Number of protein chains: 2
Amino acid sequence: MPVKNPGLKSAASSTVEDYLERILELINSKGYARVVDIAAALEISQASVTNMVQRLDAERLLKYEKYRGLVLTEAGEKLARRIAHRHRLLTEFLKLLGLDDRVICHDVEGMEHHISVPTLRAIEALTRQLRRRPALRAQLETALV
Amino acid sequence: MPVKNPGLKSAASSTVEDYLERILELINSKGYARVVDIAAALEISQASVTNMVQRLDAERLLKYEKYRGLVLTEAGEKLARRIAHRHRLLTEFLKLLGLDDRVICHDVEGMEHHISVPTLRAIEALTRQLRRRPALRAQLETALV
DNA sequence: TAAATAAATTAGTCTTAACTAACTTTGCAT
DNA sequence: ATGCAAAGTTAGTTAAGACTAATTTATTTA
Ligand SMILES: [Mn+2]
Ligand SMILES: [Mn+2]
Ligand SMILES: [Mn+2]
Ligand SMILES: [Mn+2]
């Protein structure tokens with residue numbers, strides 16, 4: 001039977017993507033991701049994190065041992081890397097437009113969940129071109145009134 | 001006292017923005033926006049629309065008379081125009097990147113709710129530059145592998 | 001004008017994703 | 001070894017936003 005999802009719209013909710021992204025980030029930066037750290041990073045309560053971690057375990061995106069810790073599964077890490085990659089590319093792109101870091105962080109955190117593969121590739125290509133054309137970037141700044 | 005919202009993050013939810021956007025669109029195209037039309041446009045049930053319309057009335061974004069019809073208030077129309085404008089600019093931008101219409105529609109419908117004013121201005125400036133540099137646009141296409 | 005159809009509303013339910021408060025487990029210091 | 005603080009969990013609540021089914025109002029049509 002044919003697959004329901006023909007390319008667009010990702011499988012995981014924005015919320016799930018944000019959790020996975022932060023978990024991978026924590027694992028990469030300090031070797032592990034504890035509930036308390038995830039809660040701090042996402043600025044939500046520990047109870048909410050416990051809930052979600054149990055759900056992600058049920059969905060096989062990570063393996064979780066109560067009171068102990070968690071590790072991403074193959075599938076979970078793949079999803080996490082995918083969203084982290086979107087985050088990186090979007091951030092680089094907006095940086096080239098001369099935007100403020102706070103603005104970039106805010107907008108990317110929302111936009112990253114709504115960018116399909118073709119759009120991401122196009123933005124990637126545009127970023128490459130922008131990078132090698134300082135003159136164009138300069139004109140952008142002046143065009144901003 | 002200082003305002004809570006310092007520029008970023010809009011006042012209305014993505015959902016509210018989508019409703020207002022569609023309502024304005026319907027009013028512009030056929031003169032009025034009925035519950036049944038809004039429901040069809042958003043692909044949700046009429047019951048959901050009735051609920052939201054009553055809420056938007058309570059929030060003074062539109063004036064609603066049961067079983068009759070609705071008109072946007074000043075505030076509602078302003079919000080609607082703002083989101084419609086973001087939608088337009090993003091669409092034009094992605095169009096210049098050579099993306100497929102279906103992809104553009106999908107991505108814009110999500111991204112439009114997460115673009116702050118400075119980012120929108122930057123994308124607007126970039127769009128202007130892209131428009132006058134067909135060579136650059138051509139290179140984008142070939143860069144897409 | 002009366003019946004039939006279309007549009008709109010209400011009531012009740014569901015899911016997601018957050019919260020607080022209370023409780024349990026773990027790890028560290030004495 | 002015990003006791004305390006930090007971390008984690010559970011239970012119960014809330015809000016947004018969707019749904020279906022049943023009902024009511026408005027509009028068409030015969
Ligand atoms: Mn995000
Ligand atoms: Mn992110
Ligand atoms: Mn939208
Ligand atoms: Mn839109």
# chains A, B, ... in the order shown; residues from 1 in each chain; ligands from 1
call {"tool": "closest_atom_pairs", "arguments": {"of": "chain A", "to": "ligand 1", "cutoff": "7 Å", "atoms": "only C-alpha atoms and all ligand atoms", "output": "tab-separated table"}}
result
residue	atom	partner	partner_atom_place_in_ligand_line	distance
A:Ser14	CA	ligand 1	1 (Mn)	6.5
A:Glu17	CA	ligand 1	1 (Mn)	6.9
A:Asp18	CA	ligand 1	1 (Mn)	4.9
A:Val108	CA	ligand 1	1 (Mn)	6.9
A:Glu109	CA	ligand 1	1 (Mn)	3.6
A:Gly110	CA	ligand 1	1 (Mn)	5.0
A:Glu112	CA	ligand 1	1 (Mn)	6.0
A:His113	CA	ligand 1	1 (Mn)	6.3
call {"tool": "residues_around", "arguments": {"residues": "DT16 (chain C)", "least_positions_apart": "6", "cutoff": "10 Å", "atoms": "only C-alpha atoms (C1' of nucleotides)", "output": "ChimeraX atom specification"}}
result
/A:13,15 /D:16-17
call {"tool": "closest_atom_pairs", "arguments": {"of": "chain D", "to": "chain B", "cutoff": "10 Å", "atoms": "only C-alpha atoms (C1' of nucleotides)", "output": "JSON lines"}}
result
{"residue": "D:DA16", "atom": "C1'", "partner": "B:Thr15", "partner_atom": "CA", "distance": 9.5}
{"residue": "D:DG17", "atom": "C1'", "partner": "B:Ser48", "partner_atom": "CA", "distance": 8.0}
{"residue": "D:DA18", "atom": "C1'", "partner": "B:Ser48", "partner_atom": "CA", "distance": 6.9}
{"residue": "D:DC19", "atom": "C1'", "partner": "B:Ser45", "partner_atom": "CA", "distance": 7.8}
{"residue": "D:DT20", "atom": "C1'", "partner": "B:Ala47", "partner_atom": "CA", "distance": 9.6}
{"residue": "D:DT25", "atom": "C1'", "partner": "B:Tyr67", "partner_atom": "CA", "distance": 7.1}
{"residue": "D:DA26", "atom": "C1'", "partner": "B:Tyr67", "partner_atom": "CA", "distance": 7.9}
call {"tool": "select_by_dssp", "arguments": {"residues": "region 12-145 of chain B", "states": "strand (DSSP E or B)", "output": "short mmCIF file (atom, residue, chain, number, x, y, z; two decimals) with N, CA and C atoms, in the first residue's frame"}}
result
data_model
loop_
_atom_site.label_atom_id
_atom_site.label_comp_id
_atom_site.auth_asym_id
_atom_site.auth_seq_id
_atom_site.Cartn_x
_atom_site.Cartn_y
_atom_site.Cartn_z
N LEU B 62 -13.10 40.21 15.72
CA LEU B 62 -14.16 40.33 14.74
C LEU B 62 -15.49 40.50 15.47
N LYS B 63 -16.50 40.93 14.73
CA LYS B 63 -17.84 41.03 15.30
C LYS B 63 -18.71 39.98 14.64
N TYR B 64 -19.40 39.25 15.47
CA TYR B 64 -20.10 38.07 15.00
C TYR B 64 -21.54 38.10 15.47
N GLU B 65 -22.45 37.86 14.54
CA GLU B 65 -23.86 37.71 14.90
C GLU B 65 -24.28 36.29 14.58
N GLY B 69 -23.55 36.50 10.33
CA GLY B 69 -22.26 36.65 9.66
C GLY B 69 -21.26 37.35 10.54
N LEU B 70 -20.14 37.70 9.97
CA LEU B 70 -19.08 38.32 10.75
C LEU B 70 -18.36 39.38 9.95
N VAL B 71 -17.81 40.34 10.65
CA VAL B 71 -16.91 41.32 10.03
C VAL B 71 -15.68 41.45 10.92
N LEU B 72 -14.54 41.65 10.30
CA LEU B 72 -13.31 41.87 11.05
C LEU B 72 -13.36 43.25 11.70
#
call {"tool": "residues_near_ligand", "arguments": {"ligand": "ligand 3", "cutoff": "12 Å", "atoms": "only C-alpha atoms (C1' of nucleotides) and all ligand atoms", "output": "PyMOL selection string"}}
result
(chain A and resi 111+114) or (chain B and resi 12-22+41-42+80+83-88+90-91+104-115)
call {"tool": "residues_around", "arguments": {"residues": "DT25 (chain C)", "least_positions_apart": "2", "cutoff": "9 Å", "atoms": "only C-alpha atoms (C1' of nucleotides)", "output": "list in words"}}
result
Tyr67 of chain A; DA7, DG8 and DT9 of chain D
call {"tool": "atom_distance", "arguments": {"atom1": "CA of Ile38 (chain A)", "atom2": "C1' of DA5 (chain D)"}}
result
20.0 Å
call {"tool": "interface_residues", "arguments": {"of": "chain A", "to": "chain B", "cutoff": "10 Å", "atoms": "only C-alpha atoms", "output": "VMD selection string"}}
result
chain A and resid 7 to 9 94 96 to 100 102 to 104 106 to 119 121 to 130 136 to 137 139 to 145
call {"tool": "select_by_dssp", "arguments": {"residues": "chain B", "states": "alpha helix (DSSP H)", "output": "PyMOL selection string"}}
result
chain B and resi 14-30+35-42+46-58+74-96+101-111+117-131+134-143
call {"tool": "interface_residues", "arguments": {"of": "chain C", "to": "chain A", "cutoff": "9 Å", "atoms": "only C-alpha atoms (C1' of nucleotides)", "output": "PDB file with N, CA, C and O atoms (P, O5', C5', C4', C3', O3' and C1' of nucleotides), in the first residue's frame"}}
result
ATOM      1  P    DA C  17       2.849  17.042  21.500  1.00  0.00           P
ATOM      2  O5'  DA C  17       2.995  18.052  22.724  1.00  0.00           O
ATOM      3  C5'  DA C  17       2.435  19.342  22.620  1.00  0.00           C
ATOM      4  C4'  DA C  17       2.332  19.950  23.993  1.00  0.00           C
ATOM      5  C3'  DA C  17       3.529  19.623  24.922  1.00  0.00           C
ATOM      6  O3'  DA C  17       4.022  20.814  25.475  1.00  0.00           O
ATOM      7  C1'  DA C  17       1.513  19.322  26.037  1.00  0.00           C
ATOM      8  P    DA C  18       5.551  20.839  26.002  1.00  0.00           P
ATOM      9  O5'  DA C  18       5.410  21.377  27.484  1.00  0.00           O
ATOM     10  C5'  DA C  18       5.195  22.636  27.855  1.00  0.00           C
ATOM     11  C4'  DA C  18       3.972  22.891  28.747  1.00  0.00           C
ATOM     12  C3'  DA C  18       4.175  22.776  30.257  1.00  0.00           C
ATOM     13  O3'  DA C  18       4.940  23.866  30.740  1.00  0.00           O
ATOM     14  C1'  DA C  18       2.013  22.059  29.635  1.00  0.00           C
ATOM     15  P    DC C  19       5.793  23.744  32.040  1.00  0.00           P
ATOM     16  O5'  DC C  19       4.680  23.854  33.182  1.00  0.00           O
ATOM     17  C5'  DC C  19       3.793  24.968  33.190  1.00  0.00           C
ATOM     18  C4'  DC C  19       2.746  24.762  34.277  1.00  0.00           C
ATOM     19  C3'  DC C  19       3.327  24.371  35.632  1.00  0.00           C
ATOM     20  O3'  DC C  19       3.537  25.541  36.416  1.00  0.00           O
ATOM     21  C1'  DC C  19       1.492  22.937  35.027  1.00  0.00           C
ATOM     22  P    DT C  25      10.546   4.331  45.937  1.00  0.00           P
ATOM     23  O5'  DT C  25      11.968   4.662  45.304  1.00  0.00           O
ATOM     24  C5'  DT C  25      12.042   5.097  43.961  1.00  0.00           C
ATOM     25  C4'  DT C  25      13.325   5.879  43.774  1.00  0.00           C
ATOM     26  C3'  DT C  25      14.584   5.171  44.254  1.00  0.00           C
ATOM     27  O3'  DT C  25      15.320   4.852  43.095  1.00  0.00           O
ATOM     28  C1'  DT C  25      14.583   7.489  44.813  1.00  0.00           C
ATOM     29  P    DT C  26      16.738   4.097  43.206  1.00  0.00           P
ATOM     30  O5'  DT C  26      17.762   5.312  43.311  1.00  0.00           O
ATOM     31  C5'  DT C  26      17.649   6.363  42.369  1.00  0.00           C
ATOM     32  C4'  DT C  26      18.717   7.422  42.640  1.00  0.00           C
ATOM     33  C3'  DT C  26      20.086   6.876  43.009  1.00  0.00           C
ATOM     34  O3'  DT C  26      21.013   7.447  42.117  1.00  0.00           O
ATOM     35  C1'  DT C  26      19.401   8.557  44.550  1.00  0.00           C
TER      36       DT C  26
END
call {"tool": "residues_around", "arguments": {"residues": "Val35 (chain A)", "least_positions_apart": "5", "cutoff": "7 Å", "atoms": "only C-alpha atoms (C1' of nucleotides)", "output": "list in words"}}
result
Gln46, Val49 and Thr50 of chain A
call {"tool": "atom_distance", "arguments": {"atom1": "CA of Glu74 (chain A)", "atom2": "CA of Ala11 (chain A)"}}
result
15.5 Å
call {"tool": "residues_around", "arguments": {"residues": "DG12 (chain D)", "least_positions_apart": "6", "cutoff": "12 Å", "atoms": "only C-alpha atoms (C1' of nucleotides)", "output": "ChimeraX atom specification"}}
result
/C:19-22
call {"tool": "write_last_selection", "arguments": {"atoms": "N, CA and C atoms (P, O5', C5', C4', C3', O3' and C1' of nucleotides)", "output": "CSV table (one decimal), in the first residue's frame"}}
result
chain,number,residue,atom,x,y,z
C,19,DC,P,5.8,23.7,32.0
C,19,DC,O5',4.7,23.9,33.2
C,19,DC,C5',3.8,25.0,33.2
C,19,DC,C4',2.7,24.8,34.3
C,19,DC,C3',3.3,24.4,35.6
C,19,DC,O3',3.5,25.5,36.4
C,19,DC,C1',1.5,22.9,35.0
C,20,DT,P,4.4,25.4,37.8
C,20,DT,O5',3.4,24.7,38.8
C,20,DT,C5',2.0,25.3,39.0
C,20,DT,C4',1.4,24.5,40.1
C,20,DT,C3',2.2,24.4,41.4
C,20,DT,O3',1.3,24.4,42.5
C,20,DT,C1',1.7,22.2,40.5
C,21,DA,P,1.9,24.6,44.0
C,21,DA,O5',1.5,23.3,44.7
C,21,DA,C5',0.4,22.6,44.2
C,21,DA,C4',0.3,21.2,44.9
C,21,DA,C3',1.1,21.1,46.2
C,21,DA,O3',0.4,20.2,47.1
C,21,DA,C1',1.9,19.6,44.6
C,22,DA,P,1.0,19.9,48.6
C,22,DA,O5',1.3,18.4,48.5
C,22,DA,C5',0.3,17.5,47.9
C,22,DA,C4',0.9,16.1,47.7
C,22,DA,C3',1.8,15.6,48.8
C,22,DA,O3',1.5,14.3,49.1
C,22,DA,C1',3.0,15.6,46.9
call {"tool": "closest_residue", "arguments": {"among": "A:Leu89, A:Ile27, A:Ala33, A:Leu56", "to": "ligand 2", "atoms": "only C-alpha atoms and all ligand atoms"}}
result
A:Leu89
call {"tool": "closest_residue", "arguments": {"among": "A:Phe93, A:Asp101, A:Ala135, A:Ala58", "to": "Leu120 (chain A)", "atoms": "only C-alpha atoms"}}
result
A:Phe93
call {"tool": "atom_distance", "arguments": {"atom1": "CA of Ala40 (chain A)", "atom2": "CA of Arg60 (chain A)"}}
result
23.6 Å
call {"tool": "closest_residue", "arguments": {"among": "B:Gly76, B:Glu25, B:Ala138, B:Asp57", "to": "ligand 4", "atoms": "only C-alpha atoms and all ligand atoms"}}
result
B:Glu25
